[in-house]
$ cat run_20.cif   # mmCIF, C-alpha atoms
data_run
loop_
_atom_site.label_atom_id
_atom_site.label_comp_id
_atom_site.auth_asym_id
_atom_site.auth_seq_id
_atom_site.Cartn_x
_atom_site.Cartn_y
_atom_site.Cartn_z
CA MET A 1 -62.56 -40.55 -61.48
CA LYS A 2 -60.68 -37.33 -62.05
CA ILE A 3 -61.68 -36.04 -58.61
CA ILE A 4 -60.49 -39.25 -56.94
CA ASN A 5 -57.15 -39.09 -58.78
CA LEU A 6 -56.66 -35.46 -57.70
CA LYS A 7 -57.29 -36.44 -54.05
CA TYR A 8 -54.68 -39.19 -54.24
CA LEU A 9 -52.14 -36.82 -55.78
CA PHE A 10 -52.79 -34.22 -53.09
CA LEU A 11 -52.35 -36.81 -50.28
CA GLY A 12 -49.09 -38.02 -51.82
CA PHE A 13 -47.79 -34.46 -52.06
CA VAL A 14 -48.61 -33.81 -48.37
CA PHE A 15 -46.94 -37.09 -47.35
CA CYS A 16 -43.72 -36.18 -49.20
CA VAL A 17 -43.60 -32.73 -47.60
CA MET A 18 -44.02 -34.18 -44.10
CA THR A 19 -41.33 -36.83 -44.59
CA ASN A 20 -38.88 -34.20 -45.86
CA ALA A 21 -39.57 -32.00 -42.80
CA VAL A 22 -38.96 -34.91 -40.39
CA VAL A 23 -35.68 -35.83 -42.10
CA ALA A 24 -34.51 -32.19 -41.96
CA GLN A 25 -35.25 -31.93 -38.20
CA LYS A 26 -33.33 -35.15 -37.47
CA ALA A 27 -30.36 -33.90 -39.47
CA LYS A 28 -30.41 -30.57 -37.60
CA ARG A 29 -30.47 -32.32 -34.20
CA GLY A 30 -27.53 -34.50 -35.17
CA ALA A 31 -25.54 -31.46 -36.30
CA LYS A 32 -26.20 -29.71 -32.93
CA LYS A 33 -25.02 -32.75 -30.98
CA THR A 34 -21.80 -33.03 -32.98
CA SER A 35 -21.09 -29.30 -32.61
CA LYS A 36 -21.59 -29.56 -28.83
CA THR A 37 -19.23 -32.50 -28.56
CA LYS A 38 -16.62 -30.67 -30.64
CA THR A 39 -16.81 -27.52 -28.53
CA THR A 40 -16.63 -29.46 -25.25
CA ALA A 41 -13.65 -31.41 -26.57
CA ASN A 42 -11.82 -28.24 -27.56
CA ILE A 43 -12.37 -26.55 -24.15
CA GLN A 44 -9.13 -26.51 -22.17
CA PRO A 45 -9.08 -26.42 -18.33
CA THR A 46 -8.52 -22.87 -17.22
CA GLU A 47 -7.81 -21.22 -13.88
CA PRO A 48 -10.79 -19.79 -12.00
CA SER A 49 -11.40 -16.14 -12.75
CA VAL A 50 -10.14 -13.72 -10.14
CA ASP A 51 -11.74 -10.39 -9.40
CA SER A 52 -9.51 -7.40 -10.03
CA SER A 53 -10.17 -6.01 -6.56
CA SER A 54 -9.19 -9.29 -4.90
CA SER A 55 -6.03 -9.48 -7.00
CA LEU A 56 -5.08 -5.98 -5.96
CA ALA A 57 -5.73 -6.89 -2.37
CA ALA A 58 -3.56 -9.97 -2.73
CA LYS A 59 -0.75 -7.87 -4.16
CA SER A 60 -0.98 -5.40 -1.33
CA ALA A 61 -1.10 -8.15 1.33
CA ASP A 62 1.99 -9.09 3.31
CA THR A 63 3.96 -11.80 1.53
CA THR A 64 5.08 -13.65 4.64
CA PRO A 65 6.47 -17.17 4.08
CA VAL A 66 4.71 -19.53 6.47
CA ALA A 67 6.26 -22.90 7.25
CA LYS A 68 4.18 -26.03 7.69
CA ASN A 69 3.27 -26.90 11.29
CA ASP A 70 4.54 -23.48 12.27
CA SER A 71 3.09 -22.39 15.60
CA LEU A 72 3.87 -20.33 18.66
CA PRO A 73 4.61 -21.82 22.09
CA ILE A 74 1.42 -20.58 23.73
CA LYS A 75 -0.80 -22.46 26.15
CA MET A 76 -4.07 -23.79 24.81
CA VAL A 77 -7.03 -22.63 26.90
CA LYS A 78 -10.10 -24.86 27.00
CA LYS A 79 -13.47 -23.24 26.37
CA SER A 80 -16.25 -23.48 28.91
CA LEU A 81 -18.96 -26.00 28.05
CA ARG A 82 -21.55 -24.00 30.01
CA PRO A 83 -22.13 -20.24 30.26
CA ASP A 84 -19.50 -18.92 32.65
CA GLU A 85 -21.26 -15.56 33.11
CA ALA A 86 -24.65 -14.65 34.54
CA VAL A 87 -25.25 -11.86 31.99
CA GLU A 88 -25.40 -11.89 28.20
CA THR A 89 -22.05 -10.69 26.83
CA SER A 90 -22.16 -11.99 23.27
CA GLY A 91 -22.86 -8.48 21.98
CA LEU A 92 -19.73 -7.17 23.64
CA ARG A 93 -17.64 -9.69 21.71
CA ASP A 94 -18.83 -8.19 18.41
CA ARG A 95 -17.73 -4.63 19.08
CA ILE A 96 -16.12 -2.74 16.18
CA PRO A 97 -13.92 0.31 16.78
CA LEU A 98 -14.87 3.64 15.25
CA ASN A 99 -12.90 4.90 12.29
CA TYR A 100 -10.28 7.54 12.92
CA GLU A 101 -11.01 11.13 12.02
CA HIS A 102 -9.30 12.04 8.77
CA LEU A 103 -6.32 14.37 9.19
CA ARG A 104 -4.96 16.29 6.23
CA ALA A 105 -1.22 16.82 6.00
CA ASP A 106 -1.76 20.49 5.12
CA ASP A 107 -3.68 21.00 8.38
CA ALA A 108 -0.96 19.45 10.56
CA ALA A 109 0.72 22.49 12.09
CA PHE A 110 2.77 20.31 14.44
CA ARG A 111 3.96 16.71 14.02
CA GLN A 112 6.36 14.73 16.18
CA LYS A 113 6.95 10.99 16.53
CA LEU A 114 7.57 9.43 19.92
CA ILE A 115 8.38 6.03 21.38
CA ARG A 116 7.04 5.36 24.86
CA GLU A 117 7.86 2.58 27.30
CA ILE A 118 5.10 1.02 29.39
CA ASP A 119 6.26 -0.72 32.58
CA CYS A 120 3.55 -3.16 33.69
CA ARG A 121 4.92 -3.28 37.23
CA GLU A 122 3.44 0.16 37.89
CA LYS A 123 0.12 0.07 39.66
CA ILE A 124 -1.93 1.69 36.89
CA ASN A 125 -0.46 -0.77 34.35
CA LEU A 126 -1.23 -3.95 36.32
CA PRO A 127 -4.14 -4.90 33.98
CA PHE A 128 -1.46 -5.75 31.39
CA MET A 129 -0.43 -8.64 33.67
CA TYR A 130 -3.91 -10.00 34.46
CA SER A 131 -3.33 -13.76 34.23
CA ALA A 132 -6.85 -15.23 34.25
CA ASP A 133 -8.15 -17.52 31.50
CA ALA A 134 -11.36 -16.98 29.52
CA ASP A 135 -13.01 -18.53 26.48
CA ASP A 136 -10.98 -16.24 24.23
CA GLY A 137 -7.69 -17.31 25.83
CA ASN A 138 -5.36 -16.01 28.49
CA GLN A 139 -5.99 -12.39 29.41
CA ARG A 140 -2.39 -11.19 29.62
CA PHE A 141 -1.68 -8.58 26.99
CA ILE A 142 1.27 -10.57 25.64
CA SER A 143 -1.09 -13.56 25.23
CA ILE A 144 -3.49 -11.41 23.20
CA LEU A 145 -0.64 -10.36 20.89
CA LEU A 146 0.68 -13.90 20.45
CA GLN A 147 -2.79 -15.35 19.88
CA SER A 148 -3.48 -12.75 17.20
CA ILE A 149 -0.27 -13.74 15.40
CA GLN A 150 -1.06 -17.44 15.84
CA ASP A 151 -4.52 -16.94 14.25
CA ASP A 152 -2.98 -14.96 11.32
CA ALA A 153 -5.12 -11.97 12.30
CA VAL A 154 -2.10 -9.64 12.32
CA THR A 155 1.44 -9.70 10.98
CA ALA A 156 4.54 -9.40 13.13
CA PHE A 157 7.39 -7.22 11.85
CA SER A 158 11.02 -7.10 12.84
CA ASP A 159 11.32 -3.30 12.84
CA ASP A 160 9.28 -0.27 13.85
CA ARG A 161 8.86 0.81 10.21
CA PHE A 162 7.06 -2.46 9.38
CA THR A 163 9.28 -3.36 6.44
CA THR A 164 10.16 -7.01 7.16
CA PRO A 165 7.40 -9.50 8.09
CA MET A 166 8.29 -12.36 10.43
CA THR A 167 7.13 -15.97 10.32
CA LYS A 168 5.63 -17.69 13.32
CA GLY A 169 8.84 -19.67 13.72
CA GLU A 170 10.88 -16.48 13.89
CA VAL A 171 8.48 -15.02 16.45
CA ALA A 172 8.68 -18.23 18.49
CA LYS A 173 12.46 -18.02 18.36
CA MET A 174 12.37 -14.45 19.67
CA VAL A 175 9.85 -15.30 22.39
CA ALA A 176 11.09 -18.68 23.63
CA GLY A 177 14.64 -18.86 22.29
CA GLU A 178 16.38 -21.41 20.11
CA GLU A 179 15.27 -25.02 19.89
CA ILE A 180 17.44 -27.40 21.88
CA GLU A 181 17.96 -31.14 21.44
CA VAL A 182 16.43 -33.17 24.25
CA PRO A 183 17.47 -36.84 24.65
CA LEU A 184 14.76 -39.51 24.38
CA PHE A 185 14.90 -42.63 26.55
CA ASP A 186 13.06 -45.93 26.37
CA THR A 187 11.46 -47.83 29.25
CA LEU A 188 14.85 -49.32 30.19
CA GLY A 189 16.45 -45.90 30.54
CA GLN A 190 18.56 -46.18 27.40
CA GLN A 191 18.83 -43.23 25.04
CA VAL A 192 17.15 -43.97 21.76
CA GLY A 193 17.46 -40.58 20.08
CA THR A 194 16.95 -36.85 20.43
CA GLN A 195 14.11 -34.46 19.81
CA LYS A 196 14.15 -30.69 19.26
CA LYS A 197 12.05 -28.72 21.73
CA ARG A 198 11.70 -25.14 22.91
CA ASN A 199 11.83 -24.02 26.48
CA ASP A 200 8.56 -23.17 28.16
CA ILE A 201 8.03 -19.44 28.24
CA ASN A 202 7.17 -17.48 31.36
CA LEU A 203 4.51 -15.00 30.29
CA ASP A 204 5.10 -12.93 33.43
CA SER A 205 8.60 -12.12 32.14
CA PHE A 206 7.03 -9.81 29.53
CA TYR A 207 6.37 -6.71 31.60
CA LYS A 208 7.50 -3.93 29.26
CA TYR A 209 6.07 -2.67 25.96
CA HIS A 210 7.10 0.02 23.53
CA LEU A 211 4.53 2.22 21.80
CA LYS A 212 5.32 4.14 18.65
CA GLU A 213 3.00 7.09 18.18
CA GLU A 214 2.70 10.44 16.47
CA VAL A 215 1.40 13.62 18.06
CA ILE A 216 -0.34 15.98 15.63
CA PHE A 217 -1.88 19.40 16.10
CA ASP A 218 -4.67 19.82 13.58
CA LYS A 219 -5.25 23.51 12.88
CA GLU A 220 -8.57 22.80 11.14
CA SER A 221 -10.14 21.47 14.35
CA SER A 222 -7.68 23.17 16.77
CA ARG A 223 -7.04 19.86 18.51
CA LEU A 224 -4.03 17.82 19.54
CA PHE A 225 -4.24 14.19 18.35
CA TRP A 226 -2.25 11.25 19.69
CA ARG A 227 -2.19 8.37 17.20
CA ILE A 228 -0.56 5.06 18.15
CA ILE A 229 1.25 3.45 15.22
CA GLY A 230 2.83 0.28 16.60
CA ILE A 231 3.25 -1.92 19.68
CA ALA A 232 6.29 -4.05 20.59
CA PRO A 233 6.81 -6.38 23.58
CA VAL A 234 10.19 -6.02 25.29
CA LYS A 235 12.18 -8.70 27.08
CA ASN A 236 15.63 -9.05 28.58
CA VAL A 237 17.48 -11.27 26.10
CA ILE A 238 20.17 -13.62 27.43
CA THR A 239 22.28 -15.55 24.93
CA SER A 240 23.15 -19.24 25.24
CA ALA A 241 26.58 -18.16 26.49
CA GLY A 242 24.95 -16.34 29.41
CA ILE A 243 25.52 -12.82 28.06
CA ASP A 244 22.78 -10.38 29.05
CA LEU A 245 21.94 -8.22 26.04
CA GLY A 246 19.53 -6.11 28.05
CA PRO A 247 15.97 -5.22 27.03
CA SER A 248 15.24 -5.87 23.36
CA GLU A 249 12.14 -5.44 21.20
CA LEU A 250 10.96 -8.89 20.12
CA PHE A 251 8.66 -7.85 17.26
CA TRP A 252 6.40 -4.99 16.18
CA VAL A 253 2.66 -5.14 15.46
CA TYR A 254 0.86 -2.45 13.47
CA TYR A 255 -1.64 -0.95 15.90
CA PRO A 256 -4.44 -0.10 13.38
CA ASP A 257 -4.47 -3.82 12.47
CA MET A 258 -4.85 -4.71 16.16
CA ARG A 259 -7.74 -2.32 16.92
CA PRO A 260 -10.58 -4.67 15.80
CA ILE A 261 -9.04 -7.45 17.92
CA LEU A 262 -8.42 -5.30 21.00
CA ALA A 263 -12.02 -4.08 20.87
CA LYS A 264 -13.19 -7.64 21.65
CA TYR A 265 -11.02 -8.11 24.76
CA GLU A 266 -12.01 -6.60 28.09
CA VAL A 267 -9.56 -4.96 30.47
CA TYR A 268 -9.44 -6.12 34.07
CA ASN A 269 -10.69 -3.32 36.32
CA PRO A 270 -10.97 -4.24 40.03
CA LYS A 271 -12.42 -0.81 40.89
CA ASN A 272 -15.49 -0.91 38.64
CA PHE A 273 -16.88 -4.23 37.43
CA SER A 274 -19.96 -2.63 35.86
CA ALA A 275 -17.95 -0.58 33.35
CA ARG A 276 -15.33 -2.85 31.87
CA LEU A 277 -13.28 -1.14 29.15
CA SER A 278 -11.94 -2.84 26.07
CA TRP A 279 -8.23 -2.75 25.30
CA GLU A 280 -8.92 -0.49 22.33
CA GLU A 281 -10.67 2.01 24.62
CA LEU A 282 -7.79 1.84 27.09
CA PHE A 283 -5.25 2.84 24.45
CA GLU A 284 -7.45 5.47 22.81
CA ASN A 285 -8.32 7.06 26.18
CA ARG A 286 -4.67 6.70 27.25
CA ILE A 287 -5.42 5.00 30.55
CA PHE A 288 -1.84 3.88 31.13
CA SER A 289 1.42 5.25 32.47
CA SER A 290 4.52 5.53 30.30
CA ARG A 291 7.73 7.44 29.77
CA ILE A 292 9.21 8.80 26.56
CA ILE A 293 12.40 7.03 25.49
CA LYS A 294 12.78 8.46 21.97
CA THR A 295 11.55 11.48 20.03
CA THR A 296 12.10 13.26 16.74
CA MET A 297 12.17 16.60 18.59
CA ASP A 298 15.70 18.08 18.63
CA ASN A 299 17.16 14.68 17.75
CA PRO A 300 18.95 14.93 14.38
CA ARG A 301 20.97 11.76 15.03
CA ASP A 302 17.85 9.67 15.74
CA LEU A 303 19.13 8.43 19.11
CA LEU A 304 17.37 7.00 22.10
CA ILE A 305 17.26 9.32 25.08
CA ALA A 306 19.40 6.76 26.91
CA SER A 307 22.09 7.27 24.25
CA TYR A 308 22.26 11.06 24.58
CA PRO A 309 25.73 12.33 25.58
CA GLY A 310 25.87 12.69 29.33
CA LEU A 311 22.68 10.63 29.95
CA LYS A 312 23.88 7.09 29.31
CA GLU A 313 24.64 6.26 32.93
CA ASN A 314 22.00 8.42 34.61
CA GLY A 315 18.50 6.99 34.51
CA LEU A 316 17.03 9.89 36.49
CA PHE A 317 18.20 12.44 33.93
CA GLN A 318 16.77 10.27 31.15
CA LEU A 319 13.40 10.41 32.91
CA TYR A 320 13.68 14.20 33.23
CA GLU A 321 14.49 14.50 29.51
CA GLY A 322 11.35 12.54 28.61
CA GLU A 323 9.26 14.75 30.90
CA SER A 324 10.73 17.85 29.25
CA VAL A 325 9.51 16.57 25.87
CA LYS A 326 5.99 16.22 27.31
CA GLU A 327 6.22 19.77 28.66
CA LYS A 328 7.32 21.17 25.29
CA ILE A 329 4.31 19.56 23.57
CA PHE A 330 1.98 20.85 26.28
CA ASN A 331 3.38 24.38 26.07
CA TYR A 332 3.12 24.41 22.28
CA GLU A 333 -0.59 23.64 22.46
CA GLN A 334 -1.22 26.17 25.22
CA ASN A 335 0.70 28.97 23.48
CA LEU A 336 -1.62 28.75 20.48
CA TRP A 337 -4.44 30.11 22.61
CA SER A 338 -4.84 33.66 23.88
CA TYR A 339 -7.07 34.68 26.76
#
$ encode --input "run_20.cif" --output "structure tokens"
Amino acid sequence: MKIINLKYLFLGFVFCVMTNAVVAQKAKRGAKKTSKTKTTANIQPTEPSVDSSSSLAAKSADTTPVAKNDSLPIKMVKKSLRPDEAVETSGLRDRIPLNYEHLRADDAAFRQKLIREIDCREKINLPFMYSADADDGNQRFISILLQSIQDDAVTAFSDDRFTTPMTKGEVAKMVAGEEIEVPLFDTLGQQVGTQKKRNDINLDSFYKYHLKEEVIFDKESSRLFWRIIGIAPVKNVITSAGIDLGPSELFWVYYPDMRPILAKYEVYNPKNFSARLSWEELFENRIFSSRIIKTTMDNPRDLLIASYPGLKENGLFQLYEGESVKEKIFNYEQNLWSY
């Protein structure tokens, strides 16, 4: 009897221990659920975390105000629904320009800034006016510039020091002029209102460009470097009153920002179809004709050559002055060598 009683006591003890363990686990699970609900209730909606590098990049980016439905008056070019070329050219569209060679300021023995004028009516500059359409748009150089601004790939500036960004509306105003009110008529010929529209632009009227560049003689490599800094289209501006303001720079584009875009556009070359250059190669190899219209050499008043005393009314002497600047740079480089 004693053995049987001890067995019953032992079974009762085990049963009590097991029931206490089950109750403790249930209590622990309930406490976890309540703590989770409390923490989720106390969480406040926060802004998504931003990487420090991206925030720095955002701070350094151009803060250009962009209006809604803001666009440039450029013609939309339809893309071909079938391959328009007999060879594979997709690899050419992915070209990336090489990085510039680093130039130290201490190694620059000679530095001068110049502004050149490219006249597209000259024979060597006719590729700037090539008016064919392709899948990447119209092939005129002004169309490439405007399309890059339209796609937000580059920023247009109002000055050659790139201090004031321009909106697409401001660029459109410079390119196509002010918006004018056009009357609207119904089917009976009665005026029912007005609508603001811009005049259609003639892309062939953009036949001059200004290039801002710096010429540097690097004594470390004993080479003369020509680095383009900015590009600006030029157009004869006529006010609404009919006053001709003469040629004016419409906007400036920072050339290093344009290099990746220009590397994807081919230059029209009627002499050699098997070796089509990109626009980036054309500028870097300087396959264009131009004349110097401004320089920092012997110009303490920062004037255009056309504004020099005695040269304002003589275009031939202005051309000679620009050629003399080229000769001075050439002679400086040559005089550094001894034979």
$ closest_residue --input "run_20.cif" --among "A:Phe128, A:Phe283, A:Tyr332, A:Phe157" --to "Ile216 in chain A" --atoms "only C-alpha atoms"
A:Tyr332
$ axis_aligned_box --input "run_20.cif" --around "range 172-176 of chain A" --padding-each-side "8 Å" --output "AutoDock Vina command-line options"
--center_x 10.6 --center_y -16.6 --center_z 21.0 --size_x 19.8 --size_y 20.2 --size_z 21.3
$ resolve_selection --input "run_20.cif" --expression "the PyMOL selection byres ((chain A and resi 292) around 12)" --output "number ranges by chain"
A: 113-119, 209-213, 289-291, 293-297, 304-306, 318-327
$ atom_distance --input "run_20.cif" --atom1 "CA of Tyr265 in chain A" --atom2 "CA of Ser278 in chain A"
5.5 Å
$ atom_distance --input "run_20.cif" --atom1 "CA of Pro183 in chain A" --atom2 "CA of Pro73 in chain A"
19.9 Å
$ atom_distance --input "run_20.cif" --atom1 "CA of Asn125 in chain A" --atom2 "CA of Ile287 in chain A"
8.5 Å
$ closest_residue --input "run_20.cif" --among "A:Arg223, A:Lys75, A:Arg93, A:Lys235" --to "Asp200 in chain A" --atoms "all atoms listed in the file"
A:Lys75
$ resolve_selection --input "run_20.cif" --expression "the PyMOL selection byres ((chain A and resi 246-251) around 10)" --output "JSON, numbers by chain"
{"A": [155, 156, 157, 158, 159, 160, 162, 165, 166, 170, 171, 172, 173, 174, 175, 208, 209, 210, 231, 232, 233, 234, 235, 236, 237, 238, 243, 244, 245, 252, 253]}
$ resolve_selection --input "run_20.cif" --expression "the PyMOL selection byres ((chain A and resi 229) around 7)" --output "short mmCIF file (atom, residue, chain, number, x, y, z; two decimals) with C-alpha atoms, in the frame of the given file"
data_model
loop_
_atom_site.label_atom_id
_atom_site.label_comp_id
_atom_site.auth_asym_id
_atom_site.auth_seq_id
_atom_site.Cartn_x
_atom_site.Cartn_y
_atom_site.Cartn_z
CA LYS A 212 5.32 4.14 18.65
CA GLU A 213 3.00 7.09 18.18
CA ARG A 227 -2.19 8.37 17.20
CA ILE A 228 -0.56 5.06 18.15
CA GLY A 230 2.83 0.28 16.60
CA TYR A 254 0.86 -2.45 13.47
CA TYR A 255 -1.64 -0.95 15.90
CA PRO A 256 -4.44 -0.10 13.38
#
$ closest_residue --input "run_20.cif" --among "A:Thr163, A:Lys264, A:Gln139, A:Ala176" --to "Ser90 in chain A" --atoms "all atoms listed in the file"
A:Lys264
$ residues_around --input "run_20.cif" --residues "Phe141 in chain A" --least-positions-apart "6" --cutoff "9 Å" --atoms "all atoms listed in the file" --output "PDB file with C-alpha atoms, in the frame of the given file"
ATOM      1  CA  PRO A 127      -4.140  -4.900  33.980  1.00  0.00           C
ATOM      2  CA  PHE A 128      -1.460  -5.750  31.390  1.00  0.00           C
ATOM      3  CA  MET A 129      -0.430  -8.640  33.670  1.00  0.00           C
ATOM      4  CA  TYR A 130      -3.910 -10.000  34.460  1.00  0.00           C
ATOM      5  CA  TRP A 279      -8.230  -2.750  25.300  1.00  0.00           C
TER       6      TRP A 279
END
$ closest_residue --input "run_20.cif" --among "A:Ile74, A:Leu146, A:Ala132, A:Leu311" --to "Met258 in chain A" --atoms "all atoms listed in the file"
A:Leu146
$ residues_around --input "run_20.cif" --residues "Glu85 in chain A" --least-positions-apart "4" --cutoff "12 Å" --atoms "only C-alpha atoms" --output "VMD selection string"
chain A and resid 80 to 81 89 to 90 134 to 135
$ closest_residue --input "run_20.cif" --among "A:Ile149, A:Leu184, A:Ile142, A:Leu126" --to "Asp257 in chain A" --atoms "all atoms listed in the file"
A:Ile149
$ residues_around --input "run_20.cif" --residues "Glu333 in chain A" --least-positions-apart "2" --cutoff "12 Å" --atoms "all atoms listed in the file" --output "ChimeraX atom specification"
/A:109-111,215-219,222-225,326-331,335-338
